[in-house]
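Next up, target.cif (mmCIF, N, CA and C atoms):
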```
data_upload
#
loop_
_atom_site.label_atom_id
_atom_site.label_comp_id
_atom_site.auth_asym_id
_atom_site.auth_seq_id
_atom_site.Cartn_x
_atom_site.Cartn_y
_atom_site.Cartn_z
N MET Z 10 -56.07 62.93 41.98
CA MET Z 10 -57.43 63.46 42.07
C MET Z 10 -58.28 62.92 40.93
N SER Z 11 -59.51 62.71 41.21
CA SER Z 11 -60.46 62.19 40.25
C SER Z 11 -60.79 63.24 39.18
N ASP Z 12 -61.13 62.77 37.98
CA ASP Z 12 -61.57 63.69 36.94
C ASP Z 12 -62.86 64.37 37.39
N LEU Z 13 -62.96 65.66 37.13
CA LEU Z 13 -64.19 66.39 37.45
C LEU Z 13 -65.02 66.50 36.18
N LEU Z 14 -66.27 66.10 36.28
CA LEU Z 14 -67.17 66.10 35.13
C LEU Z 14 -68.18 67.23 35.25
N THR Z 15 -68.54 67.81 34.13
CA THR Z 15 -69.59 68.83 34.11
C THR Z 15 -70.95 68.14 34.06
N ILE Z 16 -71.98 68.92 34.27
CA ILE Z 16 -73.35 68.38 34.16
C ILE Z 16 -73.57 67.82 32.77
N LYS Z 17 -73.06 68.51 31.74
CA LYS Z 17 -73.22 68.04 30.36
C LYS Z 17 -72.51 66.70 30.15
N ASP Z 18 -71.30 66.55 30.69
CA ASP Z 18 -70.57 65.28 30.57
C ASP Z 18 -71.38 64.13 31.16
N VAL Z 19 -71.91 64.34 32.37
CA VAL Z 19 -72.67 63.28 33.04
C VAL Z 19 -73.97 63.00 32.29
N ALA Z 20 -74.61 64.05 31.77
CA ALA Z 20 -75.84 63.85 30.99
C ALA Z 20 -75.56 63.00 29.76
N ASP Z 21 -74.43 63.24 29.10
CA ASP Z 21 -74.05 62.44 27.93
C ASP Z 21 -73.77 60.99 28.31
N ILE Z 22 -73.08 60.79 29.43
CA ILE Z 22 -72.74 59.44 29.88
C ILE Z 22 -74.00 58.67 30.25
N MET Z 23 -74.89 59.32 31.02
CA MET Z 23 -76.09 58.64 31.51
C MET Z 23 -77.25 58.67 30.52
N GLN Z 24 -77.11 59.49 29.48
CA GLN Z 24 -78.15 59.66 28.45
C GLN Z 24 -79.46 60.14 29.07
N ILE Z 25 -79.33 61.19 29.87
CA ILE Z 25 -80.49 61.85 30.46
C ILE Z 25 -80.29 63.36 30.29
N SER Z 26 -81.29 64.14 30.64
CA SER Z 26 -81.19 65.59 30.47
C SER Z 26 -80.25 66.21 31.50
N GLU Z 27 -79.77 67.39 31.19
CA GLU Z 27 -78.89 68.11 32.11
C GLU Z 27 -79.66 68.51 33.38
N ASP Z 28 -80.94 68.85 33.22
CA ASP Z 28 -81.75 69.18 34.40
C ASP Z 28 -81.85 67.99 35.35
N ALA Z 29 -82.03 66.79 34.78
CA ALA Z 29 -82.13 65.59 35.62
C ALA Z 29 -80.82 65.34 36.37
N VAL Z 30 -79.69 65.56 35.70
CA VAL Z 30 -78.39 65.37 36.35
C VAL Z 30 -78.25 66.35 37.50
N SER Z 31 -78.59 67.61 37.22
CA SER Z 31 -78.48 68.65 38.25
C SER Z 31 -79.32 68.30 39.48
N LYS Z 32 -80.55 67.88 39.26
CA LYS Z 32 -81.44 67.53 40.38
C LYS Z 32 -80.92 66.33 41.16
N ARG Z 33 -80.41 65.31 40.45
CA ARG Z 33 -79.96 64.08 41.12
C ARG Z 33 -78.66 64.27 41.88
N PHE Z 34 -77.77 65.11 41.38
CA PHE Z 34 -76.42 65.15 41.96
C PHE Z 34 -76.14 66.37 42.84
N LYS Z 35 -77.00 67.38 42.86
CA LYS Z 35 -76.63 68.59 43.61
C LYS Z 35 -76.50 68.35 45.11
N SER Z 36 -77.14 67.31 45.64
CA SER Z 36 -77.04 67.06 47.07
C SER Z 36 -76.26 65.77 47.40
N VAL Z 37 -75.61 65.17 46.42
CA VAL Z 37 -74.84 63.94 46.64
C VAL Z 37 -73.50 64.30 47.28
N ASP Z 38 -73.09 63.52 48.29
CA ASP Z 38 -71.79 63.75 48.94
C ASP Z 38 -70.66 63.63 47.93
N GLY Z 39 -69.74 64.58 47.99
CA GLY Z 39 -68.57 64.56 47.12
C GLY Z 39 -68.69 65.44 45.90
N VAL Z 40 -69.91 65.89 45.59
CA VAL Z 40 -70.12 66.78 44.46
C VAL Z 40 -69.68 68.18 44.86
N ILE Z 41 -69.00 68.86 43.97
CA ILE Z 41 -68.46 70.18 44.26
C ILE Z 41 -69.40 71.24 43.70
N ASN Z 42 -69.89 72.11 44.58
CA ASN Z 42 -70.77 73.19 44.17
C ASN Z 42 -69.94 74.47 44.05
N LEU Z 43 -69.85 74.98 42.82
CA LEU Z 43 -69.04 76.17 42.56
C LEU Z 43 -69.84 77.46 42.68
N GLY Z 44 -71.09 77.36 43.04
CA GLY Z 44 -71.90 78.55 43.22
C GLY Z 44 -73.18 78.51 42.41
N ARG Z 45 -73.84 79.62 42.38
CA ARG Z 45 -75.14 79.71 41.73
C ARG Z 45 -75.11 80.85 40.73
N ARG Z 46 -75.77 80.63 39.63
CA ARG Z 46 -75.88 81.64 38.58
C ARG Z 46 -77.35 81.90 38.35
N THR Z 47 -77.71 83.14 38.16
CA THR Z 47 -79.10 83.49 37.93
C THR Z 47 -79.27 84.00 36.52
N LYS Z 48 -80.24 83.44 35.83
CA LYS Z 48 -80.61 83.89 34.49
C LYS Z 48 -82.08 84.21 34.54
N GLY Z 49 -82.41 85.49 34.51
CA GLY Z 49 -83.81 85.86 34.65
C GLY Z 49 -84.30 85.49 36.03
N ARG Z 50 -85.36 84.69 36.07
CA ARG Z 50 -85.90 84.24 37.37
C ARG Z 50 -85.41 82.86 37.75
N ARG Z 51 -84.66 82.21 36.85
CA ARG Z 51 -84.22 80.85 37.12
C ARG Z 51 -82.80 80.83 37.68
N HIS Z 52 -82.55 79.94 38.63
CA HIS Z 52 -81.25 79.79 39.25
C HIS Z 52 -80.58 78.51 38.76
N TYR Z 53 -79.32 78.59 38.47
CA TYR Z 53 -78.55 77.43 38.03
C TYR Z 53 -77.41 77.19 39.00
N ASP Z 54 -77.31 75.95 39.50
CA ASP Z 54 -76.16 75.59 40.32
C ASP Z 54 -75.04 75.16 39.39
N ILE Z 55 -73.85 75.65 39.65
CA ILE Z 55 -72.68 75.26 38.87
C ILE Z 55 -71.98 74.19 39.69
N ILE Z 56 -72.08 72.94 39.23
CA ILE Z 56 -71.49 71.84 39.99
C ILE Z 56 -70.52 71.04 39.12
N ARG Z 57 -69.57 70.40 39.80
CA ARG Z 57 -68.66 69.46 39.16
C ARG Z 57 -68.79 68.15 39.91
N ILE Z 58 -68.86 67.08 39.14
CA ILE Z 58 -69.09 65.76 39.71
C ILE Z 58 -67.83 64.92 39.50
N PRO Z 59 -67.14 64.56 40.58
CA PRO Z 59 -65.96 63.71 40.43
C PRO Z 59 -66.35 62.36 39.81
N LYS Z 60 -65.47 61.84 38.99
CA LYS Z 60 -65.72 60.56 38.32
C LYS Z 60 -66.02 59.47 39.34
N THR Z 61 -65.30 59.48 40.46
CA THR Z 61 -65.51 58.45 41.49
C THR Z 61 -66.91 58.54 42.09
N VAL Z 62 -67.44 59.76 42.24
CA VAL Z 62 -68.79 59.94 42.77
C VAL Z 62 -69.82 59.39 41.78
N LEU Z 63 -69.62 59.66 40.50
CA LEU Z 63 -70.53 59.14 39.47
C LEU Z 63 -70.49 57.61 39.46
N GLU Z 64 -69.30 57.04 39.52
CA GLU Z 64 -69.17 55.58 39.52
C GLU Z 64 -69.84 54.97 40.75
N ARG Z 65 -69.67 55.61 41.90
CA ARG Z 65 -70.32 55.11 43.13
C ARG Z 65 -71.84 55.17 43.00
N TYR Z 66 -72.35 56.28 42.47
CA TYR Z 66 -73.79 56.45 42.28
C TYR Z 66 -74.34 55.38 41.33
N LEU Z 67 -73.68 55.20 40.19
CA LEU Z 67 -74.15 54.21 39.20
C LEU Z 67 -74.03 52.78 39.72
N SER Z 68 -72.96 52.50 40.46
CA SER Z 68 -72.77 51.16 41.02
C SER Z 68 -73.88 50.83 42.02
N THR Z 69 -74.27 51.83 42.82
CA THR Z 69 -75.36 51.64 43.78
C THR Z 69 -76.66 51.34 43.06
N LYS Z 70 -76.94 52.09 42.00
CA LYS Z 70 -78.18 51.90 41.24
C LYS Z 70 -78.19 50.58 40.48
N ALA Z 71 -77.03 50.18 39.96
CA ALA Z 71 -76.96 48.96 39.14
C ALA Z 71 -76.80 47.70 39.98
N GLY Z 72 -76.32 47.85 41.20
CA GLY Z 72 -76.10 46.68 42.04
C GLY Z 72 -74.83 45.92 41.69
N ARG Z 73 -73.98 46.53 40.93
CA ARG Z 73 -72.69 45.93 40.56
C ARG Z 73 -71.70 47.07 40.30
N SER Z 74 -70.43 46.71 40.19
CA SER Z 74 -69.39 47.71 39.98
C SER Z 74 -69.49 48.31 38.57
N ILE Z 75 -69.46 49.62 38.49
CA ILE Z 75 -69.53 50.33 37.21
C ILE Z 75 -68.29 51.19 37.07
N THR Z 76 -67.65 51.13 35.92
CA THR Z 76 -66.51 51.99 35.61
C THR Z 76 -66.92 52.93 34.49
N VAL Z 77 -66.66 54.21 34.68
CA VAL Z 77 -67.06 55.22 33.70
C VAL Z 77 -65.84 55.65 32.90
N THR Z 78 -66.01 55.73 31.60
CA THR Z 78 -64.98 56.27 30.72
C THR Z 78 -65.31 57.73 30.49
N VAL Z 79 -64.38 58.59 30.83
CA VAL Z 79 -64.60 60.02 30.69
C VAL Z 79 -64.54 60.38 29.21
N PRO Z 80 -65.56 61.09 28.71
CA PRO Z 80 -65.55 61.46 27.30
C PRO Z 80 -64.38 62.41 27.00
N GLU Z 81 -63.80 62.23 25.83
CA GLU Z 81 -62.69 63.08 25.43
C GLU Z 81 -63.22 64.48 25.14
N ARG Z 82 -62.56 65.45 25.69
CA ARG Z 82 -62.98 66.83 25.47
C ARG Z 82 -62.12 67.44 24.38
N PRO Z 83 -62.75 68.17 23.46
CA PRO Z 83 -61.94 68.85 22.47
C PRO Z 83 -61.11 69.94 23.13
N GLU Z 84 -59.96 70.21 22.56
CA GLU Z 84 -59.11 71.26 23.11
C GLU Z 84 -59.87 72.58 23.03
N ARG Z 85 -59.90 73.28 24.16
CA ARG Z 85 -60.60 74.57 24.19
C ARG Z 85 -59.63 75.66 23.81
N ARG Z 86 -60.04 76.47 22.88
CA ARG Z 86 -59.23 77.60 22.48
C ARG Z 86 -60.05 78.86 22.65
N ARG Z 87 -59.46 79.80 23.29
CA ARG Z 87 -60.15 81.07 23.49
C ARG Z 87 -60.09 81.89 22.21
N ARG Z 88 -61.12 82.68 22.02
CA ARG Z 88 -61.14 83.57 20.87
C ARG Z 88 -59.98 84.55 21.00
N HIS Z 89 -59.25 84.69 19.93
CA HIS Z 89 -58.07 85.53 19.98
C HIS Z 89 -57.99 86.31 18.67
N GLY Z 90 -57.66 87.57 18.75
CA GLY Z 90 -57.57 88.41 17.56
C GLY Z 90 -56.50 87.93 16.59
N ASP Z 91 -55.55 87.14 17.09
CA ASP Z 91 -54.41 86.69 16.29
C ASP Z 91 -54.63 85.28 15.73
N TRP Z 92 -55.84 84.72 15.85
CA TRP Z 92 -56.05 83.32 15.49
C TRP Z 92 -55.81 83.05 14.01
N GLU Z 93 -56.16 84.01 13.16
CA GLU Z 93 -56.02 83.78 11.72
C GLU Z 93 -54.54 83.67 11.33
N ARG Z 94 -53.71 84.53 11.90
CA ARG Z 94 -52.27 84.47 11.62
C ARG Z 94 -51.70 83.13 12.07
N LYS Z 95 -52.12 82.67 13.25
CA LYS Z 95 -51.64 81.39 13.76
C LYS Z 95 -52.10 80.23 12.87
N ALA Z 96 -53.34 80.30 12.39
CA ALA Z 96 -53.86 79.25 11.50
C ALA Z 96 -53.06 79.21 10.19
N ILE Z 97 -52.73 80.38 9.66
CA ILE Z 97 -51.94 80.44 8.43
C ILE Z 97 -50.56 79.82 8.65
N LEU Z 98 -49.92 80.18 9.76
CA LEU Z 98 -48.60 79.63 10.05
C LEU Z 98 -48.65 78.12 10.26
N ASN Z 99 -49.68 77.62 10.95
CA ASN Z 99 -49.82 76.17 11.15
C ASN Z 99 -50.03 75.44 9.83
N LEU Z 100 -50.84 76.00 8.94
CA LEU Z 100 -51.08 75.38 7.63
C LEU Z 100 -49.80 75.38 6.80
N ALA Z 101 -49.09 76.49 6.82
CA ALA Z 101 -47.84 76.56 6.06
C ALA Z 101 -46.83 75.54 6.57
N LYS Z 102 -46.74 75.40 7.90
CA LYS Z 102 -45.81 74.44 8.49
C LYS Z 102 -46.19 73.01 8.09
N ALA Z 103 -47.49 72.68 8.17
CA ALA Z 103 -47.95 71.33 7.80
C ALA Z 103 -47.68 71.06 6.33
N ALA Z 104 -47.93 72.06 5.48
CA ALA Z 104 -47.69 71.88 4.04
C ALA Z 104 -46.21 71.65 3.77
N LYS Z 105 -45.36 72.45 4.39
CA LYS Z 105 -43.92 72.32 4.19
C LYS Z 105 -43.41 70.96 4.66
N GLN Z 106 -43.89 70.51 5.83
CA GLN Z 106 -43.46 69.22 6.38
C GLN Z 106 -43.91 68.06 5.50
N ASN Z 107 -44.98 68.27 4.73
CA ASN Z 107 -45.49 67.20 3.87
C ASN Z 107 -45.11 67.37 2.40
N GLY Z 108 -44.19 68.29 2.14
CA GLY Z 108 -43.65 68.45 0.79
C GLY Z 108 -44.61 69.09 -0.20
N VAL Z 109 -45.55 69.88 0.27
CA VAL Z 109 -46.49 70.54 -0.63
C VAL Z 109 -45.85 71.84 -1.10
N SER Z 110 -45.81 72.01 -2.40
CA SER Z 110 -45.22 73.22 -2.98
C SER Z 110 -46.17 74.40 -2.81
N GLY Z 111 -45.62 75.58 -2.71
CA GLY Z 111 -46.44 76.79 -2.62
C GLY Z 111 -47.26 77.01 -3.88
N LYS Z 112 -46.87 76.36 -4.98
CA LYS Z 112 -47.59 76.50 -6.25
C LYS Z 112 -48.76 75.53 -6.37
N ASP Z 113 -48.89 74.61 -5.42
CA ASP Z 113 -49.94 73.59 -5.48
C ASP Z 113 -51.26 74.17 -4.98
N ARG Z 114 -51.84 75.00 -5.79
CA ARG Z 114 -53.07 75.71 -5.44
C ARG Z 114 -54.23 74.75 -5.14
N GLU Z 115 -54.30 73.64 -5.87
CA GLU Z 115 -55.39 72.67 -5.71
C GLU Z 115 -55.42 72.10 -4.29
N THR Z 116 -54.25 71.77 -3.74
CA THR Z 116 -54.20 71.21 -2.38
C THR Z 116 -54.72 72.21 -1.37
N PHE Z 117 -54.26 73.46 -1.47
CA PHE Z 117 -54.70 74.48 -0.52
C PHE Z 117 -56.19 74.78 -0.68
N THR Z 118 -56.67 74.75 -1.91
CA THR Z 118 -58.10 74.97 -2.16
C THR Z 118 -58.93 73.85 -1.53
N ARG Z 119 -58.47 72.60 -1.71
CA ARG Z 119 -59.19 71.44 -1.16
C ARG Z 119 -59.19 71.50 0.37
N ILE Z 120 -58.04 71.83 0.97
CA ILE Z 120 -57.96 71.93 2.43
C ILE Z 120 -58.92 72.99 2.94
N GLY Z 121 -58.93 74.14 2.30
CA GLY Z 121 -59.82 75.23 2.71
C GLY Z 121 -61.29 74.86 2.59
N ARG Z 122 -61.63 74.19 1.48
CA ARG Z 122 -63.02 73.78 1.26
C ARG Z 122 -63.47 72.78 2.33
N HIS Z 123 -62.62 71.81 2.62
CA HIS Z 123 -62.98 70.80 3.62
C HIS Z 123 -63.02 71.41 5.03
N ALA Z 124 -62.08 72.29 5.34
CA ALA Z 124 -62.08 72.92 6.66
C ALA Z 124 -63.35 73.75 6.85
N ARG Z 125 -63.76 74.44 5.80
CA ARG Z 125 -64.98 75.26 5.88
C ARG Z 125 -66.20 74.36 6.11
N ALA Z 126 -66.22 73.19 5.50
CA ALA Z 126 -67.34 72.25 5.69
C ALA Z 126 -67.34 71.68 7.11
N LEU Z 127 -66.15 71.39 7.67
CA LEU Z 127 -66.07 70.80 9.00
C LEU Z 127 -66.61 71.72 10.09
N VAL Z 128 -66.54 73.01 9.87
CA VAL Z 128 -67.05 73.97 10.85
C VAL Z 128 -68.54 73.73 11.11
N LEU Z 129 -69.25 73.18 10.14
CA LEU Z 129 -70.69 72.97 10.24
C LEU Z 129 -71.07 71.62 10.86
N VAL Z 130 -70.07 70.79 11.18
CA VAL Z 130 -70.31 69.42 11.63
C VAL Z 130 -69.76 69.27 13.06
N PRO Z 131 -70.44 68.51 13.94
CA PRO Z 131 -69.89 68.27 15.28
C PRO Z 131 -68.49 67.66 15.19
N GLU Z 132 -67.61 68.10 16.08
CA GLU Z 132 -66.20 67.70 16.03
C GLU Z 132 -65.99 66.19 16.14
N CYS Z 133 -66.91 65.48 16.77
CA CYS Z 133 -66.75 64.03 16.93
C CYS Z 133 -66.77 63.30 15.58
N TYR Z 134 -67.26 63.94 14.51
CA TYR Z 134 -67.32 63.32 13.18
C TYR Z 134 -66.18 63.74 12.27
N TRP Z 135 -65.34 64.67 12.70
CA TRP Z 135 -64.30 65.21 11.85
C TRP Z 135 -63.35 64.15 11.32
N ASP Z 136 -62.88 63.28 12.21
CA ASP Z 136 -61.92 62.25 11.80
C ASP Z 136 -62.49 61.37 10.70
N GLU Z 137 -63.72 60.94 10.88
CA GLU Z 137 -64.37 60.07 9.91
C GLU Z 137 -64.52 60.77 8.55
N LEU Z 138 -64.97 62.02 8.57
CA LEU Z 138 -65.14 62.76 7.32
C LEU Z 138 -63.81 63.01 6.63
N ALA Z 139 -62.79 63.40 7.39
CA ALA Z 139 -61.49 63.66 6.80
C ALA Z 139 -60.93 62.39 6.16
N THR Z 140 -61.14 61.24 6.79
CA THR Z 140 -60.68 59.97 6.24
C THR Z 140 -61.42 59.68 4.93
N ASP Z 141 -62.73 59.91 4.90
CA ASP Z 141 -63.51 59.70 3.67
C ASP Z 141 -63.00 60.60 2.56
N TRP Z 142 -62.72 61.86 2.89
CA TRP Z 142 -62.25 62.79 1.87
C TRP Z 142 -60.88 62.38 1.33
N LEU Z 143 -60.01 61.88 2.22
CA LEU Z 143 -58.70 61.44 1.76
C LEU Z 143 -58.82 60.23 0.84
N ASP Z 144 -59.73 59.30 1.18
CA ASP Z 144 -59.94 58.14 0.32
C ASP Z 144 -60.41 58.56 -1.07
N GLU Z 145 -61.30 59.57 -1.13
CA GLU Z 145 -61.79 60.06 -2.41
C GLU Z 145 -60.70 60.75 -3.21
N SER Z 146 -59.83 61.52 -2.53
CA SER Z 146 -58.82 62.31 -3.23
C SER Z 146 -57.68 61.46 -3.76
N GLU Z 147 -57.55 60.19 -3.32
CA GLU Z 147 -56.49 59.33 -3.84
C GLU Z 147 -56.70 59.02 -5.32
N ASP Z 148 -57.93 59.15 -5.81
CA ASP Z 148 -58.21 58.89 -7.21
C ASP Z 148 -57.90 60.09 -8.09
N TYR Z 149 -57.47 61.19 -7.49
CA TYR Z 149 -57.22 62.43 -8.22
C TYR Z 149 -55.84 62.97 -7.88
N ILE Z 150 -55.17 63.50 -8.87
CA ILE Z 150 -53.94 64.23 -8.65
C ILE Z 150 -54.07 65.57 -9.36
N ASN Z 151 -53.89 66.65 -8.60
CA ASN Z 151 -54.06 67.99 -9.12
C ASN Z 151 -55.43 68.18 -9.80
N GLY Z 152 -56.46 67.60 -9.22
CA GLY Z 152 -57.81 67.79 -9.73
C GLY Z 152 -58.15 66.94 -10.95
N GLU Z 153 -57.21 66.12 -11.43
CA GLU Z 153 -57.48 65.27 -12.59
C GLU Z 153 -57.60 63.83 -12.16
N GLU Z 154 -58.59 63.13 -12.73
CA GLU Z 154 -58.81 61.74 -12.37
C GLU Z 154 -57.66 60.89 -12.93
N ILE Z 155 -57.20 59.93 -12.10
CA ILE Z 155 -56.10 59.05 -12.52
C ILE Z 155 -56.65 57.91 -13.35
#
```

Please express what this file holds, its structure, as structure tokens.
Amino acid sequence: MSDLLTIKDVADIMQISEDAVSKRFKSVDGVINLGRRTKGRRHYDIIRIPKTVLERYLSTKAGRSITVTVPERPERRRRHGDWERKAILNLAKAAKQNGVSGKDRETFTRIGRHARALVLVPECYWDELATDWLDESEDYINGEEI
């Protein structure tokens, strides 16, 4: 089965607004309509667009074959009352696997500071920022410049 894309996915791929995607694709053959949602006086169609339908539509418009790369979606995690305990256990496991001592307060402080900063940045930039921070921290051991 083809990948199903949301209106937001297609808007990002085509670099147009979500409203434009909705208008263009709601009546295209092969698009899946999951129903209608009403917010105030406005109605929203909930649709999913198969990757093959998007490629066919773009190929027709471009006059040549178009292949679409589906954007990577971040892992979705539902809000859970137990998330903090799980985060603590995951951090402890990562620290242990990497030989970080429980007494290495500086490492845990740095991880916490950087994680808190990443919450404010779109996830697509996390890898780049984390790499920059690691490059900077190589000049320091336990907070002291080498």

Please provide the set of residues having any atom within 7 Å of region 29-38 of chain Z, restricted to all atoms listed in the file, with same-chain residues fewer than 6 positions apart removed, written as number ranges by chain.
Z: 16, 19-20, 62

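Take CA of Leu13 (chain Z) and atom N of Lys70 (chain Z): the distance between them is 19.7 Å.
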
Do you know which residues lie at most 6.5 Å from (-70.4, 55.1, 35.9), with coordinates as in the file and only N, CA and C atoms counted, and could you write them as JSON, numbers by chain?
{"Z": [63, 64, 65, 67, 68, 75, 76, 77, 78]}

Would you kindly translate the PyMOL selection byres (((chain Z and resi 139 and name CA) around 12) and name CA) into the concrete residues it picks from this file, as a PyMOL selection string?
chain Z and resi 119-120+122-124+126-127+130+132-138+140-146

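The space between atom C of Thr116 (chain Z) and atom N of Asp91 (chain Z) spans 23.8 Å.
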
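Note that the spacing between CA of Gly121 (chain Z) and CA of Arg82 (chain Z) amounts to 24.5 Å.
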
As an mmCIF file with N, CA and C atoms, in the coordinates of the input, list the residues of region 35-151 of chain Z assigned to strand (DSSP E) by DSSP on the backbone atoms of this structure.
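Wrote it out as result-v7.cif, contents follow:
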```cif
data_model
loop_
_atom_site.group_PDB
_atom_site.id
_atom_site.type_symbol
_atom_site.label_atom_id
_atom_site.label_comp_id
_atom_site.auth_asym_id
_atom_site.auth_seq_id
_atom_site.Cartn_x
_atom_site.Cartn_y
_atom_site.Cartn_z
ATOM 1 N N ILE Z 41 -69.000 68.860 43.970
ATOM 2 C CA ILE Z 41 -68.460 70.180 44.260
ATOM 3 C C ILE Z 41 -69.400 71.240 43.700
ATOM 4 N N ASN Z 42 -69.890 72.110 44.580
ATOM 5 C CA ASN Z 42 -70.770 73.190 44.170
ATOM 6 C C ASN Z 42 -69.940 74.470 44.050
ATOM 7 N N LEU Z 43 -69.850 74.980 42.820
ATOM 8 C CA LEU Z 43 -69.040 76.170 42.560
ATOM 9 C C LEU Z 43 -69.840 77.460 42.680
ATOM 10 N N GLY Z 44 -71.090 77.360 43.040
ATOM 11 C CA GLY Z 44 -71.900 78.550 43.220
ATOM 12 C C GLY Z 44 -73.180 78.510 42.410
ATOM 13 N N ARG Z 45 -73.840 79.620 42.380
ATOM 14 C CA ARG Z 45 -75.140 79.710 41.730
ATOM 15 C C ARG Z 45 -75.110 80.850 40.730
ATOM 16 N N ARG Z 46 -75.770 80.630 39.630
ATOM 17 C CA ARG Z 46 -75.880 81.640 38.580
ATOM 18 C C ARG Z 46 -77.350 81.900 38.350
ATOM 19 N N THR Z 47 -77.710 83.140 38.160
ATOM 20 C CA THR Z 47 -79.100 83.490 37.930
ATOM 21 C C THR Z 47 -79.270 84.000 36.520
ATOM 22 N N LYS Z 48 -80.240 83.440 35.830
ATOM 23 C CA LYS Z 48 -80.610 83.890 34.490
ATOM 24 C C LYS Z 48 -82.080 84.210 34.540
ATOM 25 N N ARG Z 51 -84.660 82.210 36.850
ATOM 26 C CA ARG Z 51 -84.220 80.850 37.120
ATOM 27 C C ARG Z 51 -82.800 80.830 37.680
ATOM 28 N N HIS Z 52 -82.550 79.940 38.630
ATOM 29 C CA HIS Z 52 -81.250 79.790 39.250
ATOM 30 C C HIS Z 52 -80.580 78.510 38.760
ATOM 31 N N TYR Z 53 -79.320 78.590 38.470
ATOM 32 C CA TYR Z 53 -78.550 77.430 38.030
ATOM 33 C C TYR Z 53 -77.410 77.190 39.000
ATOM 34 N N ASP Z 54 -77.310 75.950 39.500
ATOM 35 C CA ASP Z 54 -76.160 75.590 40.320
ATOM 36 C C ASP Z 54 -75.040 75.160 39.390
ATOM 37 N N ILE Z 55 -73.850 75.650 39.650
ATOM 38 C CA ILE Z 55 -72.680 75.260 38.870
ATOM 39 C C ILE Z 55 -71.980 74.190 39.690
ATOM 40 N N ILE Z 56 -72.080 72.940 39.230
ATOM 41 C CA ILE Z 56 -71.490 71.840 39.990
ATOM 42 C C ILE Z 56 -70.520 71.040 39.120
ATOM 43 N N ARG Z 57 -69.570 70.400 39.800
ATOM 44 C CA ARG Z 57 -68.660 69.460 39.160
ATOM 45 C C ARG Z 57 -68.790 68.150 39.910
ATOM 46 N N ILE Z 58 -68.860 67.080 39.140
ATOM 47 C CA ILE Z 58 -69.090 65.760 39.710
ATOM 48 C C ILE Z 58 -67.830 64.920 39.500
ATOM 49 N N PRO Z 59 -67.140 64.560 40.580
ATOM 50 C CA PRO Z 59 -65.960 63.710 40.430
ATOM 51 C C PRO Z 59 -66.350 62.360 39.810
ATOM 52 N N TYR Z 149 -57.470 61.190 -7.490
ATOM 53 C CA TYR Z 149 -57.220 62.430 -8.220
ATOM 54 C C TYR Z 149 -55.840 62.970 -7.880
ATOM 55 N N ILE Z 150 -55.170 63.500 -8.870
ATOM 56 C CA ILE Z 150 -53.940 64.230 -8.650
ATOM 57 C C ILE Z 150 -54.070 65.570 -9.360
#
```

Edge lengths and centre in Å to one decimal, as AutoDock Vina command-line options, is what I'm after for the box along x, y and z that holds all listed atoms of region 98-115 of chain Z once 8 Å is added on each side.
```
--center_x -49.4 --center_y 73.7 --center_z 2.4 --size_x 28.0 --size_y 29.0 --size_z 33.5
```

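The nearest approach to Leu43 (chain Z) among the residues Z:Ile55, Z:Ala104, Z:Val109, Z:Ile97, with all atoms listed in the file taken into account, belongs to Z:Ile55.
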
Per DSSP on the backbone, filter chain Z down to the residues in helix (DSSP H, G or I) and report them as a VMD selection string.
chain Z and resid 16 to 23 27 to 34 60 to 71 92 to 106 114 to 127 132 to 146

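Here the PyMOL selection byres ((chain Z and resi 59) around 8) matches the residues Met10, Ser11, Asp12, Leu13, Leu14, Thr15, Gly39, Val40, Ile41, Ile56, Arg57, Ile58, Lys60, Thr61, Val62, Leu63, Glu64 and Arg65 of chain Z.
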